[in-house]
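File shown here: run.cif, holding mmCIF, C-alpha atoms.
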```
data_coords
#
loop_
_atom_site.group_PDB
_atom_site.id
_atom_site.type_symbol
_atom_site.label_atom_id
_atom_site.label_comp_id
_atom_site.auth_asym_id
_atom_site.auth_seq_id
_atom_site.Cartn_x
_atom_site.Cartn_y
_atom_site.Cartn_z
ATOM 1 C CA MET A 1 -5.929 -5.449 -12.406
ATOM 2 C CA GLU A 2 -2.448 -3.968 -11.902
ATOM 3 C CA LYS A 3 -2.775 -1.771 -15.004
ATOM 4 C CA LYS A 4 -6.384 -0.780 -14.257
ATOM 5 C CA VAL A 5 -5.550 0.328 -10.720
ATOM 6 C CA ALA A 6 -2.350 2.030 -11.922
ATOM 7 C CA LYS A 7 -4.356 4.097 -14.408
ATOM 8 C CA ALA A 8 -6.908 4.976 -11.734
ATOM 9 C CA LEU A 9 -4.193 6.234 -9.374
ATOM 10 C CA LEU A 10 -2.523 8.250 -12.140
ATOM 11 C CA GLU A 11 -5.836 9.830 -13.190
ATOM 12 C CA ILE A 12 -6.321 11.433 -9.782
ATOM 13 C CA GLN A 13 -2.602 11.963 -9.105
ATOM 14 C CA ALA A 14 -2.713 9.673 -6.079
ATOM 15 C CA VAL A 15 0.553 8.588 -7.652
ATOM 16 C CA PHE A 16 2.423 11.632 -8.926
ATOM 17 C CA LEU A 17 5.486 11.195 -11.133
ATOM 18 C CA ARG A 18 8.120 13.918 -11.435
ATOM 19 C CA PRO A 19 11.425 12.380 -12.563
ATOM 20 C CA ASP A 20 12.884 15.745 -13.633
ATOM 21 C CA GLU A 21 11.967 17.501 -10.363
ATOM 22 C CA PRO A 22 12.416 14.877 -7.628
ATOM 23 C CA PHE A 23 10.558 14.947 -4.343
ATOM 24 C CA THR A 24 12.548 14.704 -1.109
ATOM 25 C CA TRP A 25 11.402 12.124 1.436
ATOM 26 C CA ALA A 26 11.700 12.698 5.181
ATOM 27 C CA SER A 27 14.736 10.398 5.107
ATOM 28 C CA GLY A 28 16.447 12.783 2.687
ATOM 29 C CA ILE A 29 16.157 10.361 -0.243
ATOM 30 C CA LYS A 30 15.305 11.959 -3.583
ATOM 31 C CA SER A 31 12.349 10.296 -5.262
ATOM 32 C CA PRO A 32 10.779 10.615 -8.738
ATOM 33 C CA ILE A 33 7.429 9.519 -7.314
ATOM 34 C CA TYR A 34 5.043 10.728 -4.628
ATOM 35 C CA CYS A 35 2.126 8.599 -3.478
ATOM 36 C CA ASP A 36 -0.966 9.863 -1.626
ATOM 37 C CA ASN A 37 -3.635 7.181 -1.687
ATOM 38 C CA ARG A 38 -5.889 9.273 0.565
ATOM 39 C CA LEU A 39 -6.977 10.990 -2.647
ATOM 40 C CA ILE A 40 -8.735 7.766 -3.641
ATOM 41 C CA LEU A 41 -11.391 8.436 -1.021
ATOM 42 C CA THR A 42 -12.426 11.744 -2.620
ATOM 43 C CA SER A 43 -12.728 10.283 -6.131
ATOM 44 C CA PRO A 44 -15.794 7.991 -6.293
ATOM 45 C CA GLU A 45 -15.049 6.323 -9.651
ATOM 46 C CA GLN A 46 -11.459 5.442 -8.757
ATOM 47 C CA ARG A 47 -12.473 4.560 -5.205
ATOM 48 C CA ASN A 48 -14.939 2.030 -6.565
ATOM 49 C CA ILE A 49 -12.199 0.433 -8.699
ATOM 50 C CA VAL A 50 -9.754 0.215 -5.782
ATOM 51 C CA GLU A 51 -12.139 -1.014 -3.071
ATOM 52 C CA ASN A 52 -13.637 -3.708 -5.294
ATOM 53 C CA ALA A 53 -10.115 -4.787 -6.226
ATOM 54 C CA ILE A 54 -9.220 -5.084 -2.526
ATOM 55 C CA ALA A 55 -12.340 -7.183 -1.895
ATOM 56 C CA GLU A 56 -11.659 -9.405 -4.916
ATOM 57 C CA THR A 57 -8.044 -9.883 -3.837
ATOM 58 C CA VAL A 58 -9.085 -10.914 -0.324
ATOM 59 C CA LYS A 59 -11.533 -13.478 -1.743
ATOM 60 C CA ARG A 60 -8.985 -14.846 -4.216
ATOM 61 C CA GLU A 61 -5.802 -14.836 -2.136
ATOM 62 C CA TYR A 62 -7.180 -15.297 1.399
ATOM 63 C CA PRO A 63 -10.450 -17.244 1.159
ATOM 64 C CA GLU A 64 -10.248 -18.211 4.843
ATOM 65 C CA ALA A 65 -10.162 -14.571 6.030
ATOM 66 C CA GLU A 66 -12.480 -13.758 8.934
ATOM 67 C CA VAL A 67 -11.673 -10.108 9.639
ATOM 68 C CA LEU A 68 -9.907 -7.188 7.942
ATOM 69 C CA MET A 69 -7.573 -4.940 9.928
ATOM 70 C CA GLY A 70 -6.573 -1.562 8.536
ATOM 71 C CA THR A 71 -3.302 0.168 9.260
ATOM 72 C CA SER A 72 -3.544 3.514 11.022
ATOM 73 C CA THR A 73 -4.438 5.852 9.574
ATOM 74 C CA ALA A 74 -4.360 5.474 5.809
ATOM 75 C CA GLY A 75 -5.559 1.866 5.671
ATOM 76 C CA ILE A 76 -8.587 2.299 7.933
ATOM 77 C CA ALA A 77 -11.106 3.628 5.404
ATOM 78 C CA HIS A 78 -10.039 1.130 2.736
ATOM 79 C CA ALA A 79 -10.417 -1.761 5.193
ATOM 80 C CA ALA A 80 -13.862 -0.490 6.213
ATOM 81 C CA ILE A 81 -15.160 -0.161 2.649
ATOM 82 C CA ALA A 82 -13.747 -3.503 1.518
ATOM 83 C CA ALA A 83 -15.134 -5.213 4.637
ATOM 84 C CA ASP A 84 -18.553 -3.759 3.845
ATOM 85 C CA ILE A 85 -18.372 -5.160 0.300
ATOM 86 C CA LEU A 86 -17.376 -8.559 1.702
ATOM 87 C CA GLY A 87 -19.812 -8.494 4.629
ATOM 88 C CA MET A 88 -16.910 -9.006 7.039
ATOM 89 C CA PRO A 89 -15.960 -7.418 10.367
ATOM 90 C CA MET A 90 -13.070 -4.960 10.470
ATOM 91 C CA GLY A 91 -10.910 -3.066 12.901
ATOM 92 C CA TYR A 92 -7.636 -1.245 12.844
ATOM 93 C CA VAL A 93 -4.253 -1.167 14.505
ATOM 94 C CA ARG A 94 -2.895 2.041 15.997
ATOM 95 C CA GLY A 95 0.710 3.112 15.537
ATOM 96 C CA SER A 96 1.035 2.815 19.317
ATOM 97 C CA ALA A 97 -1.250 2.024 22.247
ATOM 98 C CA LYS A 98 -3.531 4.772 23.549
ATOM 99 C CA ASP A 99 -2.310 6.510 26.698
ATOM 100 C CA HIS A 100 -5.842 6.687 28.131
ATOM 101 C CA GLY A 101 -8.994 4.614 28.542
ATOM 102 C CA ARG A 102 -8.372 0.918 27.895
ATOM 103 C CA GLN A 103 -5.017 1.728 26.274
ATOM 104 C CA ASN A 104 -5.933 -0.272 23.203
ATOM 105 C CA ARG A 105 -3.629 -0.608 20.253
ATOM 106 C CA ILE A 106 -6.005 -2.854 18.324
ATOM 107 C CA GLU A 107 -9.447 -1.301 17.845
ATOM 108 C CA GLY A 108 -12.424 -3.545 17.154
ATOM 109 C CA ARG A 109 -13.239 -7.021 18.393
ATOM 110 C CA LEU A 110 -10.485 -9.547 17.714
ATOM 111 C CA LYS A 111 -10.756 -13.120 18.958
ATOM 112 C CA GLU A 112 -7.718 -15.277 19.586
ATOM 113 C CA GLY A 113 -6.965 -17.467 16.572
ATOM 114 C CA GLN A 114 -9.041 -15.350 14.199
ATOM 115 C CA LYS A 115 -7.767 -15.287 10.619
ATOM 116 C CA VAL A 116 -6.839 -11.716 9.714
ATOM 117 C CA VAL A 117 -5.912 -9.862 6.531
ATOM 118 C CA VAL A 118 -4.163 -6.518 6.938
ATOM 119 C CA VAL A 119 -5.178 -3.707 4.568
ATOM 120 C CA GLU A 120 -2.397 -1.190 3.858
ATOM 121 C CA ASP A 121 -2.364 1.709 1.416
ATOM 122 C CA LEU A 122 1.350 1.853 0.604
ATOM 123 C CA ILE A 123 4.441 -0.316 1.148
ATOM 124 C CA SER A 124 7.965 1.013 0.654
ATOM 125 C CA THR A 125 10.486 -0.577 3.030
ATOM 126 C CA GLY A 126 7.777 -2.574 4.835
ATOM 127 C CA GLY A 127 8.684 -1.563 8.386
ATOM 128 C CA SER A 128 5.366 -0.057 9.492
ATOM 129 C CA VAL A 129 3.124 -2.820 8.136
ATOM 130 C CA ILE A 130 5.327 -5.528 9.668
ATOM 131 C CA ASP A 131 4.945 -3.730 13.014
ATOM 132 C CA VAL A 132 1.166 -4.028 12.570
ATOM 133 C CA VAL A 133 1.456 -7.731 11.727
ATOM 134 C CA ASP A 134 3.592 -8.275 14.846
ATOM 135 C CA ALA A 135 0.997 -6.527 17.043
ATOM 136 C CA LEU A 136 -1.790 -8.718 15.661
ATOM 137 C CA ARG A 137 0.245 -11.883 16.133
ATOM 138 C CA GLU A 138 1.039 -10.879 19.718
ATOM 139 C CA ALA A 139 -2.702 -10.474 20.280
ATOM 140 C CA GLY A 140 -3.242 -14.071 19.145
ATOM 141 C CA ALA A 141 -4.458 -13.476 15.595
ATOM 142 C CA GLU A 142 -3.472 -15.673 12.680
ATOM 143 C CA VAL A 143 -2.319 -13.158 10.086
ATOM 144 C CA LEU A 144 -2.924 -14.652 6.639
ATOM 145 C CA GLY A 145 -1.228 -11.750 4.884
ATOM 146 C CA ILE A 146 -1.531 -8.221 3.563
ATOM 147 C CA VAL A 147 -3.436 -6.558 0.751
ATOM 148 C CA SER A 148 -1.801 -3.259 -0.187
ATOM 149 C CA ILE A 149 -2.938 -0.757 -2.779
ATOM 150 C CA PHE A 150 0.543 0.166 -4.023
ATOM 151 C CA THR A 151 4.070 -1.076 -3.481
ATOM 152 C CA TYR A 152 7.343 0.330 -4.736
ATOM 153 C CA GLY A 153 8.755 -3.201 -4.966
ATOM 154 C CA MET A 154 11.963 -2.174 -3.215
ATOM 155 C CA GLN A 155 14.262 -5.072 -2.364
ATOM 156 C CA LYS A 156 14.516 -3.957 1.262
ATOM 157 C CA GLY A 157 10.752 -4.212 1.604
ATOM 158 C CA LEU A 158 10.613 -7.607 -0.096
ATOM 159 C CA ASP A 159 13.383 -8.912 2.174
ATOM 160 C CA ARG A 160 11.683 -7.622 5.324
ATOM 161 C CA LEU A 161 8.358 -9.208 4.421
ATOM 162 C CA ALA A 162 10.072 -12.508 3.672
ATOM 163 C CA ALA A 163 11.991 -12.409 6.966
ATOM 164 C CA ALA A 164 8.737 -11.741 8.843
ATOM 165 C CA ASN A 165 7.100 -14.650 6.983
ATOM 166 C CA VAL A 166 4.224 -12.500 5.775
ATOM 167 C CA LYS A 167 2.615 -12.565 2.335
ATOM 168 C CA ASN A 168 1.764 -9.308 0.584
ATOM 169 C CA VAL A 169 -0.416 -8.925 -2.488
ATOM 170 C CA SER A 170 -0.451 -5.428 -3.982
ATOM 171 C CA LEU A 171 -3.142 -4.179 -6.347
ATOM 172 C CA THR A 172 -0.478 -2.368 -8.352
ATOM 173 C CA ASN A 173 3.193 -1.423 -8.233
ATOM 174 C CA LEU A 174 5.821 0.951 -9.546
ATOM 175 C CA ASP A 175 6.457 -1.140 -12.659
ATOM 176 C CA ALA A 176 2.780 -1.066 -13.683
ATOM 177 C CA VAL A 177 2.443 2.646 -12.911
ATOM 178 C CA ALA A 178 5.553 3.500 -14.934
ATOM 179 C CA GLU A 179 4.299 1.479 -17.901
ATOM 180 C CA ALA A 180 0.821 3.032 -17.769
ATOM 181 C CA ALA A 181 2.292 6.532 -17.419
ATOM 182 C CA ALA A 182 4.516 6.049 -20.476
ATOM 183 C CA GLU A 183 1.628 4.667 -22.540
ATOM 184 C CA SER A 184 -0.496 7.716 -21.732
ATOM 185 C CA GLY A 185 2.304 10.191 -22.468
ATOM 186 C CA TYR A 186 2.459 11.332 -18.836
ATOM 187 C CA ILE A 187 6.189 10.539 -18.828
ATOM 188 C CA LYS A 188 8.650 9.804 -21.626
ATOM 189 C CA GLU A 189 9.442 6.190 -22.497
ATOM 190 C CA GLU A 190 13.063 6.679 -21.373
ATOM 191 C CA ASP A 191 11.835 7.795 -17.946
ATOM 192 C CA VAL A 192 10.588 4.263 -17.223
ATOM 193 C CA ALA A 193 14.164 3.001 -16.851
ATOM 194 C CA ARG A 194 14.932 5.897 -14.493
ATOM 195 C CA LEU A 195 11.973 5.034 -12.277
ATOM 196 C CA LEU A 196 12.976 1.385 -12.113
ATOM 197 C CA LYS A 197 16.580 2.346 -11.335
ATOM 198 C CA PHE A 198 15.284 4.336 -8.368
ATOM 199 C CA ARG A 199 13.224 1.340 -7.248
ATOM 200 C CA ASP A 200 16.231 -0.974 -7.409
ATOM 201 C CA ASN A 201 18.396 1.304 -5.246
ATOM 202 C CA PRO A 202 16.714 4.413 -3.771
ATOM 203 C CA SER A 203 19.986 5.671 -2.252
ATOM 204 C CA ASP A 204 21.672 5.745 -5.691
ATOM 205 C CA GLU A 205 20.786 9.097 -7.232
ATOM 206 C CA SER A 206 22.403 8.431 -10.603
ATOM 207 C CA TRP A 207 18.917 8.273 -12.188
ATOM 208 C CA ILE A 208 18.546 12.030 -11.592
ATOM 209 C CA GLY A 209 19.305 13.903 -14.803
ATOM 210 C CA ALA A 210 19.915 10.633 -16.663
#
```

Can you dump the structure from the file as structure tokens?
Amino acid sequence: MEKKVAKALLEIQAVFLRPDEPFTWASGIKSPIYCDNRLILTSPEQRNIVENAIAETVKREYPEAEVLMGTSTAGIAHAAIAADILGMPMGYVRGSAKDHGRQNRIEGRLKEGQKVVVVEDLISTGGSVIDVVDALREAGAEVLGIVSIFTYGMQKGLDRLAAANVKNVSLTNLDAVAEAAAESGYIKEEDVARLLKFRDNPSDESWIGA
């Protein structure tokens, strides 16, 4: 599944690799990779691969799941489509509570004690998805874990998820994408090591020009 989803993301440039011309993140970190999983939604063939993989992962890893909760905003559509495949209810968690109406942060019906799986499109350092998990736990949900489409596999993210005692299962990751990209000739074989060096320590820019 990791390789199949990796190839799907590369085909539509939802994951875009540019080791010789790095992107600059908002934090100022130089990155050889840019990820925009919103493109999945406009590509029916790849969307079908990804959404079925999310549904299969929920069934396999979280068989007790009762509701899917998407992260705002990128995880909402993926949670909705996967929930439809599974015949399950879904909702989503806002980045912050509304300042009007009922001032909800969690949208959709959520009962106390309900077993929830969070659907996220991308995990880097893990901060935003852990914030969502915390909000659901505060609302009384039992969060079984996360299904994410892509993860960088950064140590900081792994450590944060472990500290928050939350399981994450990603459909694919940087390692699988790098391998698939090299096999297809999208990047050179020697670029794989550069990508993994970035993953291991994003603040170390020695991979640039290596």

(message) When you look at A:Ser43 with a cut-off of 8 Å (counting all atoms listed in the file), what residues show up, excluding the ones that are within fewer than 4 positions of it in the same chain? I need them as an NGL selection string.
(response) :A and (12 or 39 or 47)

Write to file, as a tab-separated table (two decimals), keeping the file's coordinate frame, the residues of the selection just made, with C-alpha atoms.
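Output saved as selection-v7.tsv:
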```tsv
chain	number	residue	atom	x	y	z
A	12	ILE	CA	-6.32	11.43	-9.78
A	39	LEU	CA	-6.98	10.99	-2.65
A	47	ARG	CA	-12.47	4.56	-5.20
```

Would you write out, as an mmCIF file with C-alpha atoms, in the coordinates of the input, every residue that the PyMOL selection byres ((chain A and resi 154) around 9) captures in this file?
```
data_model
loop_
_atom_site.group_PDB
_atom_site.id
_atom_site.type_symbol
_atom_site.label_atom_id
_atom_site.label_comp_id
_atom_site.auth_asym_id
_atom_site.auth_seq_id
_atom_site.Cartn_x
_atom_site.Cartn_y
_atom_site.Cartn_z
ATOM 1 C CA ILE A 123 4.441 -0.316 1.148
ATOM 2 C CA SER A 124 7.965 1.013 0.654
ATOM 3 C CA THR A 125 10.486 -0.577 3.030
ATOM 4 C CA THR A 151 4.070 -1.076 -3.481
ATOM 5 C CA TYR A 152 7.343 0.330 -4.736
ATOM 6 C CA GLY A 153 8.755 -3.201 -4.966
ATOM 7 C CA GLN A 155 14.262 -5.072 -2.364
ATOM 8 C CA LYS A 156 14.516 -3.957 1.262
ATOM 9 C CA GLY A 157 10.752 -4.212 1.604
ATOM 10 C CA LEU A 158 10.613 -7.607 -0.096
ATOM 11 C CA ASP A 159 13.383 -8.912 2.174
ATOM 12 C CA PHE A 198 15.284 4.336 -8.368
ATOM 13 C CA ARG A 199 13.224 1.340 -7.248
ATOM 14 C CA ASP A 200 16.231 -0.974 -7.409
ATOM 15 C CA ASN A 201 18.396 1.304 -5.246
ATOM 16 C CA PRO A 202 16.714 4.413 -3.771
#
```

(message) Would you compute the distance between atom CA of A:Asn165 and atom CA of A:Val143? Give it in Å to one decimal.
(response) 10.0 Å

(message) I'd like the residues picked by the PyMOL selection byres ((chain A and resi 139) around 12) written out as a VMD selection string, using the chain letters and numbers from the file.
(response) chain A and resid 93 104 to 107 109 to 116 132 to 138 140 to 143

(message) Selection in question (the file shown): the PyMOL selection byres ((chain A and resi 71) around 10). Which residues does it include, as JSON, numbers by chain?
(response) {"A": [68, 69, 70, 72, 73, 74, 75, 76, 77, 78, 79, 91, 92, 93, 94, 95, 106, 118, 119, 120, 121, 122, 128, 129, 131, 132, 133]}

A:Lys188 surroundings by only C-alpha atoms, 12 Å radius, close-in-sequence under 6 positions cut, as a compact mmCIF listing (two decimals) with C-alpha atoms, in the coordinates of the input:
```
# COMPACT_ATOMS: atom_id res chain seq x y z
CA LEU A 17 5.49 11.20 -11.13
CA ARG A 18 8.12 13.92 -11.44
CA PRO A 19 11.42 12.38 -12.56
CA ASP A 20 12.88 15.74 -13.63
CA ALA A 178 5.55 3.50 -14.93
CA GLU A 179 4.30 1.48 -17.90
CA ALA A 180 0.82 3.03 -17.77
CA ALA A 181 2.29 6.53 -17.42
CA ALA A 182 4.52 6.05 -20.48
CA ARG A 194 14.93 5.90 -14.49
CA LEU A 195 11.97 5.03 -12.28
```

(message) Calculated over only C-alpha atoms, which of the candidates A:Ile49, A:Ile85, A:Ile149, A:Ala6 has the smallest distance to A:Asn37?
(response)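 Between A:Ile49, A:Ile85, A:Ile149, A:Ala6, the residue approaching A:Asn37 most closely is A:Ile149.
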
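Closest to A:Lys197 among A:Asn173, A:Ser31, A:Thr24, A:Ser184 is A:Ser31, based on all atoms listed in the file.
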
(request) One decimal, Å: what's the distance from atom CA of A:Phe16 over to atom CA of A:Cys35, could you say? (result)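 Atom CA of A:Cys35 lies at a distance of 6.2 Å from atom CA of A:Phe16.
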
(request) Find the distance between atom CA of A:Tyr186 and atom CA of A:Ser27 and write it in Å to one decimal. (result)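 Between atom CA of A:Tyr186 and atom CA of A:Ser27 the gap works out to 26.9 Å.
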
(request) Find, counting all atoms listed in the file, the residue in A:Ser148, A:Asn168, A:Gln13, A:Asn52 that gets nearest to A:Asp84. (result)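 Looking at the shortest contact to A:Asp84, the residue is A:Asn52.
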
(request) List the neighbours of A:Gly87 out to 12 Å using only C-alpha atoms; skip same-chain residues closer than 2 positions along the sequence, and give me the result as a ChimeraX atom specification. (result) /A:55,59,65-68,79-85,89-90
